[in-house]
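Note sheet for the following structure.
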Amino acid sequence: MPIYEYQCNACEHQFEQLQKLSDEPLKTCPSCEKDELKKLISAGGFRFKGDGWYETDFKTGSKKNIAGESSSSSSD
C-alpha cells in the first residue's frame, strides 16, 4: 500500500496517509477540518505486510548474505 503525503492550504498542516491505490484522495484536513487538502508529489513509500521478501529470497550460493559482507575492492 502506498503512503501519500498531504498538506492543508488553510493551516499548512502536513501528514502522511496510508491508502489503497483505488482510494479517493483525502479532502478534509484532520487539523483544521477545512476542505483544503492537497496531495503532495514525493518519493513513493510502501509498507509490505506479512511474511516474504527476505534478503535470501532470490540469492543463491555465496551471495546469500550480501548485507553483512564488506567490500573486497581496494582503491589505489
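Residues in the C-alpha cells are numbered from 1 in each chain, the chains being A, B, ... in the order shown, and ligands are numbered from 1 in the order shown.
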Exercise: range 25-38 of chain A partners within 9 Å, only C-alpha atoms, chain neighbours under 4 positions left out, as an MDAnalysis selection string: chainID A and resid 5:11 13 17 19
